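**Student:** Just entry-v9.txt, nothing more (compact mmCIF, C-alpha atoms):
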# COMPACT_ATOMS: atom_id res chain seq x y z
CA MET A 1 -72.11 -77.86 125.86
CA THR A 2 -75.28 -75.83 126.10
CA ASP A 3 -78.10 -75.09 123.73
CA HIS A 4 -78.12 -71.33 124.24
CA HIS A 5 -79.41 -68.33 122.37
CA HIS A 6 -77.20 -65.71 123.97
CA PRO A 7 -74.29 -64.32 121.98
CA THR A 8 -71.04 -66.15 122.77
CA GLN A 9 -68.70 -64.30 125.13
CA PHE A 10 -65.04 -64.35 124.09
CA ILE A 11 -61.97 -63.61 126.17
CA VAL A 12 -59.18 -62.99 123.64
CA ILE A 13 -55.62 -63.14 124.99
CA GLY A 14 -52.65 -61.98 122.90
CA LEU A 15 -49.41 -63.97 123.09
CA ASP A 16 -45.91 -63.26 121.83
CA ASP A 17 -43.66 -65.98 120.40
CA SER A 18 -42.03 -66.92 123.69
CA PRO A 19 -42.27 -70.68 124.40
CA ALA A 20 -42.54 -69.82 128.12
CA PRO A 21 -44.72 -66.71 128.27
CA TYR A 22 -45.10 -64.49 131.33
CA LEU A 23 -48.82 -64.28 132.09
CA PRO A 24 -49.98 -61.82 134.79
CA PRO A 25 -51.91 -63.42 137.70
CA SER A 26 -55.18 -61.84 136.51
CA ILE A 27 -54.89 -63.62 133.12
CA GLN A 28 -53.86 -66.91 134.76
CA ALA A 29 -57.03 -66.64 136.89
CA LEU A 30 -59.17 -66.16 133.74
CA ILE A 31 -57.59 -69.25 132.19
CA ARG A 32 -58.18 -71.35 135.37
CA LYS A 33 -61.87 -70.45 135.26
CA GLY A 34 -62.20 -71.34 131.58
CA LYS A 35 -63.52 -74.63 130.17
CA VAL A 36 -63.35 -74.12 126.39
CA PHE A 37 -60.20 -72.76 124.74
CA SER A 38 -59.18 -72.06 121.16
CA GLY A 39 -56.16 -70.94 119.19
CA GLY A 40 -53.65 -71.97 116.54
CA LEU A 41 -51.48 -75.08 116.90
CA ARG A 42 -48.53 -72.87 117.89
CA HIS A 43 -50.63 -71.20 120.61
CA HIS A 44 -51.61 -74.61 121.98
CA ASP A 45 -47.93 -75.58 122.32
CA ILE A 46 -47.14 -72.31 124.11
CA ILE A 47 -50.10 -72.31 126.50
CA SER A 48 -50.84 -76.00 127.21
CA ALA A 49 -49.05 -75.94 130.61
CA PHE A 50 -51.47 -73.21 131.83
CA LEU A 51 -54.72 -74.93 130.80
CA PRO A 52 -56.92 -76.49 133.52
CA GLU A 53 -57.50 -80.23 133.60
CA GLY A 54 -60.21 -81.44 131.26
CA ALA A 55 -60.02 -78.29 129.13
CA GLU A 56 -61.60 -78.54 125.69
CA TRP A 57 -59.48 -77.12 122.84
CA ILE A 58 -60.76 -75.97 119.42
CA ASP A 59 -57.98 -75.60 116.85
CA ILE A 60 -58.21 -72.52 114.64
CA THR A 61 -57.62 -73.95 111.17
CA VAL A 62 -59.07 -73.14 107.76
CA PRO A 63 -61.82 -73.33 106.69
CA LEU A 64 -62.93 -71.02 109.50
CA ASP A 65 -66.61 -71.83 108.91
CA ALA A 66 -66.12 -75.15 110.74
CA VAL A 67 -64.38 -73.38 113.66
CA PHE A 68 -67.14 -70.78 114.07
CA ALA A 69 -69.84 -73.45 113.80
CA ARG A 70 -68.25 -75.11 116.88
CA TYR A 71 -67.95 -71.75 118.70
CA GLU A 72 -71.67 -71.12 118.48
CA ALA A 73 -72.36 -74.10 120.74
CA TYR A 74 -70.71 -72.42 123.76
CA ASP A 75 -71.43 -69.48 126.06
CA HIS A 76 -67.82 -68.67 126.97
CA ILE A 77 -64.60 -69.29 125.03
CA VAL A 78 -61.04 -68.22 125.82
CA VAL A 79 -59.15 -67.60 122.56
CA PHE A 80 -55.38 -67.21 122.23
CA ALA A 81 -54.09 -65.11 119.33
CA SER A 82 -50.82 -63.51 118.27
CA GLY A 83 -49.73 -60.10 119.56
CA ASP A 84 -52.53 -57.56 119.50
CA PRO A 85 -55.62 -59.47 118.26
CA LEU A 86 -57.12 -56.22 116.87
CA PHE A 87 -54.05 -55.59 114.69
CA PHE A 88 -54.84 -57.59 111.51
CA GLY A 89 -55.76 -60.25 114.08
CA PHE A 90 -58.32 -62.81 115.11
CA ALA A 91 -60.46 -60.41 117.19
CA ASN A 92 -61.32 -58.67 113.90
CA THR A 93 -62.42 -62.01 112.44
CA ILE A 94 -64.70 -62.64 115.45
CA ARG A 95 -66.24 -59.16 115.12
CA ARG A 96 -66.85 -59.67 111.40
CA ARG A 97 -68.37 -63.15 111.71
CA LEU A 98 -70.22 -62.79 115.03
CA PRO A 99 -71.11 -59.08 115.34
CA GLU A 100 -73.29 -59.79 118.43
CA ALA A 101 -70.52 -61.57 120.35
CA GLY A 102 -69.02 -59.99 123.46
CA ILE A 103 -65.23 -59.63 123.45
CA GLN A 104 -62.89 -58.90 126.34
CA LEU A 105 -59.39 -58.21 125.08
CA TYR A 106 -56.00 -58.72 126.74
CA PRO A 107 -53.46 -57.76 124.07
CA THR A 108 -49.70 -57.87 124.07
CA PHE A 109 -47.45 -55.96 121.65
CA ASN A 110 -47.87 -56.81 117.98
CA SER A 111 -44.81 -58.03 116.08
CA LEU A 112 -44.13 -54.69 114.36
CA GLN A 113 -44.25 -52.85 117.70
CA THR A 114 -41.84 -55.42 119.14
CA LEU A 115 -39.45 -54.95 116.20
CA ALA A 116 -39.59 -51.15 116.62
CA HIS A 117 -38.92 -51.57 120.38
CA ARG A 118 -35.86 -53.76 119.69
CA LEU A 119 -34.56 -51.13 117.24
CA VAL A 120 -35.50 -48.25 119.57
CA MET A 121 -37.23 -46.75 116.53
CA PRO A 122 -40.25 -44.45 117.00
CA TYR A 123 -43.18 -45.93 115.09
CA ASP A 124 -45.91 -43.29 115.45
CA ASP A 125 -45.16 -42.24 111.85
CA MET A 126 -45.02 -45.82 110.49
CA ARG A 127 -47.54 -46.98 107.92
CA THR A 128 -48.53 -50.62 108.38
CA VAL A 129 -49.28 -53.02 105.54
CA SER A 130 -50.27 -56.67 105.82
CA LEU A 131 -49.17 -59.04 103.06
CA THR A 132 -50.32 -62.05 105.11
CA GLY A 133 -52.58 -63.95 102.73
CA ARG A 134 -53.21 -60.72 100.83
CA PRO A 135 -52.22 -59.43 97.36
CA TRP A 136 -49.49 -56.84 96.75
CA HIS A 137 -51.95 -53.99 96.14
CA GLU A 138 -51.72 -52.04 99.43
CA PHE A 139 -47.94 -52.48 99.61
CA ASP A 140 -47.55 -51.20 96.04
CA ARG A 141 -49.83 -48.28 96.85
CA ALA A 142 -47.67 -47.31 99.84
CA LEU A 143 -44.53 -47.51 97.66
CA ILE A 144 -46.00 -45.34 94.89
CA GLU A 145 -47.10 -42.83 97.56
CA ARG A 146 -43.43 -42.59 98.62
CA THR A 147 -44.10 -43.72 102.19
CA PRO A 148 -40.92 -42.97 104.21
CA LYS A 149 -41.40 -45.70 106.86
CA MET A 150 -43.43 -48.85 106.45
CA GLY A 151 -44.05 -51.84 108.74
CA ILE A 152 -44.90 -55.00 106.80
CA LEU A 153 -46.48 -58.27 107.95
CA THR A 154 -45.28 -61.14 105.76
CA ASP A 155 -46.27 -64.69 104.87
CA ARG A 156 -44.47 -67.62 103.23
CA GLU A 157 -44.92 -66.15 99.72
CA HIS A 158 -44.48 -62.46 100.53
CA THR A 159 -41.10 -63.01 102.20
CA PRO A 160 -38.59 -60.26 103.06
CA ALA A 161 -36.55 -61.41 100.02
CA ALA A 162 -39.58 -61.22 97.67
CA ILE A 163 -40.44 -57.76 99.06
CA ALA A 164 -36.84 -56.54 98.57
CA ARG A 165 -36.77 -57.87 94.98
CA ARG A 166 -40.05 -56.13 94.14
CA MET A 167 -38.76 -52.82 95.54
CA LEU A 168 -35.52 -53.09 93.56
CA ASP A 169 -37.34 -54.18 90.41
CA TYR A 170 -39.48 -51.01 90.39
CA GLY A 171 -36.71 -48.60 91.39
CA TYR A 172 -37.55 -48.13 95.09
CA THR A 173 -33.90 -48.52 96.09
CA HIS A 174 -33.62 -45.72 98.70
CA TYR A 175 -34.64 -47.91 101.63
CA THR A 176 -33.00 -49.87 104.43
CA MET A 177 -34.77 -53.07 105.59
CA TYR A 178 -34.94 -54.29 109.21
CA VAL A 179 -36.09 -57.90 109.58
CA GLY A 180 -37.18 -59.54 112.85
CA GLU A 181 -37.48 -63.35 112.96
CA HIS A 182 -39.11 -65.31 115.84
CA LEU A 183 -39.65 -62.10 117.84
CA GLY A 184 -40.18 -62.84 121.55
CA ASN A 185 -38.53 -66.26 121.37
CA PRO A 186 -35.32 -65.96 123.45
CA GLU A 187 -33.65 -68.93 121.72
CA ARG A 188 -34.41 -68.05 118.11
CA GLU A 189 -35.04 -64.28 117.89
CA ARG A 190 -32.89 -62.60 115.26
CA ILE A 191 -32.90 -58.98 114.07
CA ARG A 192 -30.97 -57.74 111.06
CA ARG A 193 -30.44 -54.42 109.33
CA LEU A 194 -30.00 -55.07 105.60
CA GLU A 195 -29.60 -53.26 102.33
CA LEU A 196 -32.32 -54.33 99.85
CA GLN A 197 -29.70 -55.98 97.60
CA GLU A 198 -28.60 -58.19 100.53
CA ALA A 199 -32.15 -59.00 101.65
CA ALA A 200 -33.14 -60.03 98.12
CA GLU A 201 -30.57 -62.88 98.20
CA LEU A 202 -31.29 -64.26 101.69
CA THR A 203 -33.74 -66.75 103.16
CA PHE A 204 -35.54 -65.92 106.40
CA GLU A 205 -37.12 -68.07 109.07
CA TYR A 206 -40.86 -67.77 109.60
CA PRO A 207 -42.56 -66.07 111.43
CA ASN A 208 -40.95 -62.76 110.56
CA CYS A 209 -41.91 -59.15 109.98
CA LEU A 210 -40.02 -56.14 108.71
CA ILE A 211 -39.73 -52.38 108.64
CA VAL A 212 -38.43 -50.49 105.60
CA HIS A 213 -37.16 -46.97 106.12
CA GLN A 214 -36.11 -44.43 103.51
CA TYR A 215 -32.62 -42.97 103.58
CA PRO A 216 -31.10 -41.17 105.39
CA ASP A 217 -31.12 -43.55 108.32
CA THR A 218 -31.96 -41.21 111.11
CA TYR A 219 -34.91 -41.04 113.47
CA THR A 220 -34.41 -37.55 114.85
CA PRO A 221 -37.60 -35.50 114.55
CA THR A 222 -35.65 -32.65 112.94
CA HIS A 223 -34.74 -34.91 110.01
CA PRO A 224 -37.95 -36.37 108.55
CA GLY A 225 -36.09 -38.45 105.92
CA ALA A 226 -35.29 -37.77 102.29
CA ARG A 227 -38.49 -38.18 100.29
CA ILE A 228 -38.07 -39.82 96.91
CA SER A 229 -39.56 -37.38 94.44
CA LEU A 230 -42.43 -38.38 92.16
CA PRO A 231 -42.09 -38.10 88.39
CA PRO A 232 -43.73 -34.87 87.17
CA LEU A 233 -47.48 -34.68 86.68
CA GLY A 234 -47.59 -35.36 82.96
CA ILE A 235 -44.44 -37.44 82.38
CA PRO A 236 -42.58 -36.04 79.33
CA ASP A 237 -43.38 -38.23 76.30
CA GLU A 238 -39.71 -38.73 75.42
CA GLU A 239 -39.08 -40.45 78.76
CA PHE A 240 -41.25 -43.42 77.76
CA GLU A 241 -39.92 -46.33 75.72
CA LEU A 242 -41.97 -46.04 72.52
CA LEU A 243 -43.37 -48.60 70.08
CA ASP A 244 -40.61 -48.82 67.41
CA GLY A 245 -39.65 -45.28 68.54
CA ARG A 246 -42.80 -43.85 66.89
CA THR A 247 -43.68 -40.61 68.70
CA ARG A 248 -47.18 -40.54 67.22
CA MET A 249 -48.02 -43.78 69.05
CA ILE A 250 -48.28 -42.20 72.49
CA THR A 251 -51.05 -40.16 74.11
CA LYS A 252 -49.31 -36.77 74.43
CA ALA A 253 -48.79 -35.51 77.99
CA PRO A 254 -51.33 -32.61 77.85
CA ILE A 255 -53.95 -34.90 76.26
CA ARG A 256 -53.11 -37.63 78.76
CA LEU A 257 -53.75 -35.30 81.71
CA LEU A 258 -57.05 -34.05 80.27
CA THR A 259 -58.05 -37.67 79.62
CA LEU A 260 -57.25 -38.67 83.22
CA SER A 261 -59.19 -35.64 84.43
CA ALA A 262 -62.22 -36.67 82.34
CA LEU A 263 -62.04 -40.20 83.80
CA GLU A 264 -62.29 -38.74 87.37
CA LEU A 265 -59.98 -41.47 88.64
CA ASN A 266 -59.75 -40.01 92.16
CA ARG A 267 -63.21 -41.50 92.82
CA ARG A 268 -62.86 -44.72 90.80
CA VAL A 269 -61.73 -48.17 91.92
CA SER A 270 -61.18 -50.25 88.78
CA PHE A 271 -59.76 -48.72 85.57
CA TRP A 272 -59.45 -50.43 82.17
CA ASP A 273 -57.04 -49.01 79.57
CA VAL A 274 -57.99 -50.59 76.22
CA GLY A 275 -55.23 -50.40 73.60
CA PHE A 276 -52.45 -49.24 75.93
CA CYS A 277 -49.55 -49.26 73.40
CA THR A 278 -46.69 -47.69 75.44
CA GLY A 279 -48.66 -47.87 78.70
CA SER A 280 -48.42 -44.10 79.26
CA VAL A 281 -52.08 -43.65 80.35
CA SER A 282 -52.05 -46.71 82.66
CA ILE A 283 -48.73 -45.68 84.24
CA GLU A 284 -49.71 -42.04 84.77
CA ALA A 285 -53.07 -43.21 86.23
CA LYS A 286 -51.35 -45.58 88.67
CA LEU A 287 -48.77 -42.96 89.70
CA GLN A 288 -51.33 -40.27 90.42
CA PHE A 289 -54.02 -42.60 91.85
CA PRO A 290 -52.17 -45.49 93.52
CA HIS A 291 -55.39 -46.88 95.04
CA LEU A 292 -56.63 -47.85 91.55
CA HIS A 293 -56.78 -51.41 90.23
CA VAL A 294 -55.49 -50.94 86.65
CA THR A 295 -56.09 -53.51 83.90
CA SER A 296 -54.45 -52.80 80.53
CA PHE A 297 -55.29 -54.42 77.19
CA GLU A 298 -53.18 -54.41 74.01
CA ILE A 299 -53.54 -56.49 70.83
CA ARG A 300 -49.85 -56.18 69.79
CA PRO A 301 -47.59 -58.72 71.55
CA GLU A 302 -44.77 -56.13 71.78
CA GLY A 303 -47.01 -54.17 74.19
CA GLN A 304 -46.06 -56.64 76.93
CA ARG A 305 -42.37 -55.65 76.83
CA LEU A 306 -43.17 -51.94 76.51
CA MET A 307 -45.40 -51.98 79.59
CA GLU A 308 -42.85 -54.00 81.57
CA VAL A 309 -40.02 -51.58 80.66
CA ASN A 310 -42.06 -48.42 81.26
CA SER A 311 -43.79 -49.56 84.47
CA ARG A 312 -40.38 -50.35 85.97
CA ARG A 313 -38.92 -47.08 84.72
CA PHE A 314 -41.61 -45.07 86.54
CA GLY A 315 -42.14 -47.36 89.54
CA THR A 316 -45.70 -48.61 88.99
CA PRO A 317 -46.04 -52.28 89.96
CA ASN A 318 -49.32 -54.18 89.81
CA ILE A 319 -50.72 -53.12 86.43
CA THR A 320 -52.49 -56.21 85.06
CA ILE A 321 -51.49 -56.71 81.40
CA LEU A 322 -53.68 -58.65 78.95
CA ILE A 323 -52.30 -59.19 75.44
CA GLY A 324 -54.65 -60.20 72.62
CA ASP A 325 -57.88 -59.12 70.98
CA PHE A 326 -60.02 -57.24 73.52
CA LEU A 327 -63.18 -58.52 71.83
CA GLU A 328 -62.12 -62.10 72.60
CA ALA A 329 -60.58 -61.56 76.07
CA ASP A 330 -62.08 -63.39 79.07
CA LEU A 331 -63.43 -60.41 81.02
CA ASP A 332 -65.42 -62.39 83.60
CA THR A 333 -62.35 -63.02 85.76
CA ILE A 334 -61.37 -59.31 86.00
CA SER A 335 -62.86 -56.75 88.40
CA ARG A 336 -65.58 -54.81 86.57
CA PRO A 337 -64.52 -51.25 85.69
CA ASP A 338 -65.98 -47.95 86.79
CA ALA A 339 -63.73 -46.10 84.29
CA VAL A 340 -62.55 -47.15 80.81
CA PHE A 341 -60.26 -45.39 78.35
CA ILE A 342 -60.31 -46.55 74.73
CA GLY A 343 -56.83 -45.72 73.45
CA GLY A 344 -56.95 -47.90 70.34
CA HIS A 345 -59.79 -49.69 68.61
CA GLY A 346 -58.43 -51.21 65.36
CA GLY A 347 -61.60 -50.29 63.48
CA HIS A 348 -63.89 -52.05 65.99
CA LEU A 349 -64.95 -49.07 68.08
CA LYS A 350 -68.68 -49.84 68.23
CA GLU A 351 -68.13 -53.51 69.10
CA MET A 352 -65.74 -52.43 71.86
CA ILE A 353 -68.26 -49.97 73.31
CA ALA A 354 -70.98 -52.65 73.27
CA ARG A 355 -68.67 -55.08 75.10
CA ILE A 356 -67.48 -52.49 77.65
CA SER A 357 -71.04 -51.32 78.41
CA HIS A 358 -71.89 -54.91 79.41
CA TYR A 359 -69.24 -54.79 82.20
CA LEU A 360 -69.22 -51.09 83.11
CA LEU A 361 -70.51 -50.44 86.64
CA PRO A 362 -73.44 -48.04 87.21
CA GLY A 363 -72.12 -44.46 87.22
CA GLY A 364 -68.95 -45.62 85.43
CA CYS A 365 -67.62 -43.78 82.39
CA ILE A 366 -65.94 -44.40 79.02
CA VAL A 367 -63.52 -41.83 77.59
CA PHE A 368 -62.32 -41.86 73.98
CA ASN A 369 -59.96 -39.50 72.16
CA SER A 370 -61.28 -38.92 68.66
CA VAL A 371 -58.88 -37.75 65.96
CA SER A 372 -61.44 -37.59 63.12
CA GLU A 373 -65.09 -36.75 62.46
CA GLU A 374 -65.56 -40.37 61.42
CA SER A 375 -64.36 -41.84 64.73
CA LYS A 376 -66.37 -39.22 66.62
CA SER A 377 -69.63 -40.20 64.89
CA LEU A 378 -68.86 -43.92 65.41
CA PHE A 379 -68.34 -43.30 69.14
CA ILE A 380 -71.62 -41.34 69.38
CA GLU A 381 -73.52 -44.09 67.51
CA GLY A 382 -71.99 -46.79 69.72
CA ILE A 383 -72.96 -44.88 72.86
CA LYS A 384 -76.56 -44.39 71.68
CA GLU A 385 -76.93 -48.07 70.74
CA THR A 386 -75.81 -49.24 74.19
CA GLY A 387 -78.02 -46.77 76.09
CA LEU A 388 -75.15 -44.87 77.72
CA ARG A 389 -75.42 -41.11 78.27
CA LEU A 390 -73.17 -38.86 76.19
CA LEU A 391 -71.53 -36.02 78.13
CA SER A 392 -69.99 -32.87 76.68
CA GLY A 393 -66.51 -33.26 75.14
CA THR A 394 -63.32 -31.16 75.05
CA ARG A 395 -61.53 -30.20 71.86
CA ILE A 396 -57.77 -29.57 72.00
CA ALA A 397 -54.87 -29.10 69.58
CA VAL A 398 -51.26 -29.66 70.73
CA ASN A 399 -48.46 -28.10 68.62
CA GLU A 400 -48.65 -29.24 64.99
CA TYR A 401 -50.71 -32.35 65.73
CA ASN A 402 -54.30 -32.70 64.54
CA PRO A 403 -56.97 -31.48 66.97
CA ILE A 404 -58.31 -34.17 69.28
CA GLU A 405 -61.74 -34.35 70.82
CA ILE A 406 -61.95 -35.98 74.26
CA LEU A 407 -65.37 -37.66 74.31
CA LYS A 408 -67.06 -39.08 77.40
CA ALA A 409 -70.10 -41.22 78.13
CA GLU A 410 -71.57 -42.51 81.36
CA GLN A 411 -73.41 -45.68 82.41
CA GLN A 412 -76.83 -44.62 83.71
How would this structure read if it were set down as structure tokens?

**Tutor:**
Amino acid sequence: MTDHHHPTQFIVIGLDDSPAPYLPPSIQALIRKGKVFSGGLRHHDIISAFLPEGAEWIDITVPLDAVFARYEAYDHIVVFASGDPLFFGFANTIRRRLPEAGIQLYPTFNSLQTLAHRLVMPYDDMRTVSLTGRPWHEFDRALIERTPKMGILTDREHTPAAIARRMLDYGYTHYTMYVGEHLGNPERERIRRLELQEAAELTFEYPNCLIVHQYPDTYTPTHPGARISLPPLGIPDEEFELLDGRTRMITKAPIRLLTLSALELNRRVSFWDVGFCTGSVSIEAKLQFPHLHVTSFEIRPEGQRLMEVNSRRFGTPNITILIGDFLEADLDTISRPDAVFIGGHGGHLKEMIARISHYLLPGGCIVFNSVSEESKSLFIEGIKETGLRLLSGTRIAVNEYNPIEILKAEQQ
């Protein structure tokens, strides 16, 4: 151990799952020269026969802070990681935590490449998503964007069965799933082509990864795959399940699109829909802007069922639903919004604006559809009292319905 001030130099070697890996002579020579080694428990089992006598081993376990504190005491460390350490891998973690460190990289194929090789499936057009210790958000985004071919890294919660069930639940049925278990392990490797309905019922051994591919099942360049079509921009109102079938309780499609336009959701990250009722604004927002984190509030308990029915009907997973009085909701645990739509206020418009302005990010906006002069003046008063900036509104009349004014304010 040395007391040094130079950045640590890392040699990062990628391994597959084989219990008896083939290591080229040049890599064996690097290992023989090494003194300090690190990797997961599995990597230690695989590589222990190659390590020189007296080698020191640092296990990579969470919390990583303890691991990196030990790293900083050494000049040179040889790290073993899975597959390609730059592909959602440990080399990225080193770069993030020790930006000054030197890294020499000796990758092997990552698990999704290996699965594609076994299937003889071109993967240059494959979108990759990691669900390893991560939420569903990026996977859901890829689904909503109708991605024809997706490679997915799993974990013990986000299993192939859980992924298949989620796809079926939200209507993404036009896919075949290919699952690879223990890839690179000659004794235990298993590859299966499954329909989603089959995959949803099965259990899989870990580690595994998978590729989902839209019908038709062909990889010829002349046949790019049947794209599942998106619902129209401005979903027809009658296609939504309505609150007690009341057609007046939905933001009409033309108004909905103007509202979404006013919210400028293409450049937002976190959207709150307050008083969602049928969920039409939240669902249309998520369909058109799948990158958004959408949180939807509704005081009526029946809103829960409506949102669940409608979000499945139109294929929009991952809308966070909060039922209860918005003025009493615990907002500290939710990501702060940079866009808010007030769809219903129950006579508490000014209190709502005051509460929203407390959480609204700088540059964020509030949009409200006013149906009367009274609600318009309440909105304007509420905006002035909270120090937000009122922007110009849009007035519109649809068919025989009363004119609506789309009002907008911005956090300075």

**Student:** With a distance cut-off of 7 Å and only C-alpha atoms, select the neighbouring residues of Gly234 of chain A, excluding the residue or stretch itself and same-chain residues fewer than 3 positions from it, and output the selection as a PyMOL selection string.

**Tutor:** chain A and resi 253-254+257

**Student:** For Lys408 of chain A, which residue out of A:Ser261, A:Ser26, A:Thr203, A:Ser282 is the nearest one, using all atoms listed in the file?

**Tutor:**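 Nearest to Lys408 of chain A: A:Ser261.
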
**Student:** Out of A:Leu119, A:Ile77, A:Leu153, A:Ala162, which residue has the shortest atom-to-atom distance to Arg192 of chain A when counting all atoms listed in the file?

**Tutor:**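 Closest residue, counting all atoms listed in the file: A:Leu119.
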
**Student:** Find the residues around segment 321-334 of chain A up to 8 Å (only C-alpha atoms counted), leave out those fewer than 6 positions away in its own chain, and share them as an NGL selection string.

**Tutor:** :A and (274 or 295-301 or 303-304 or 307 or 351-352 or 355)

**Student:** Excluding Leu64 of chain A and residues on its chain fewer than 6 positions from it, collect all residues at most 10 Å away from it, counting all atoms listed in the file, and give them as a PyMOL selection string.

**Tutor:** chain A and resi 70+93+97

**Student:** Can you pull out every residue within 7 Å of Ile211 of chain A, counting all atoms listed in the file, but drop anything in the same chain fewer than 3 positions away, and send it as a PyMOL selection string?

**Tutor:** chain A and resi 150-152+177-179

**Student:** Atom CA of Asn310 of chain A and atom CA of Ile283 of chain A are how many Å apart?

**Tutor:**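 Atom-to-atom, atom CA of Asn310 of chain A to atom CA of Ile283 of chain A, that is 7.8 Å.
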
**Student:** Would you please work out which residue, of A:Glu138, A:Glu100, A:Glu308, A:Asp237, is nearest to Tyr170 of chain A when using only C-alpha atoms?

**Tutor:**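 Between A:Glu138, A:Glu100, A:Glu308, A:Asp237, the residue approaching Tyr170 of chain A most closely is A:Glu308.
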
**Student:** Please provide the set of residues having any atom within 9 Å of Ser82 of chain A, restricted to only C-alpha atoms, with same-chain residues fewer than 2 positions apart removed, written as a ChimeraX atom specification.

**Tutor:** /A:13-17,43,80,84-85,89-90,107-111

**Student:** Find the residue from A:Thr259, A:Asn185, A:Thr132, A:Thr61 that sits nearest to Gly40 of chain A; use all atoms listed in the file when measuring.

**Tutor:**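 Of A:Thr259, A:Asn185, A:Thr132, A:Thr61, the one nearest Gly40 of chain A, counting all atoms listed in the file, is A:Thr61.
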
**Student:** From the set A:Lys252, A:Arg305, A:Lys350, A:Arg190, which residue has the shortest atom-to-atom contact distance to Pro403 of chain A, counting only C-alpha atoms?

**Tutor:**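 The closest residue to Pro403 of chain A is A:Lys252.
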
**Student:** Report, in Å to a single decimal, how far apart atom CA of Val340 of chain A and atom CA of Leu263 of chain A are.

**Tutor:**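 Calculated distance between atom CA of Leu263 of chain A and atom CA of Val340 of chain A is 7.6 Å.
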
**Student:** So how far away is atom CA of Ala29 of chain A from atom CA of Asp59 of chain A, in Å?

**Tutor:**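 We find that atom CA of Asp59 of chain A and atom CA of Ala29 of chain A lie 22.0 Å from each other.
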
**Student:** So, with all atoms listed in the file as the atoms that count, which of A:His293, A:Ile404, A:Val212, A:Ala339 lies closest to Arg256 of chain A?

**Tutor:**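 Under the stated criterion, the closest residue is A:Ile404.
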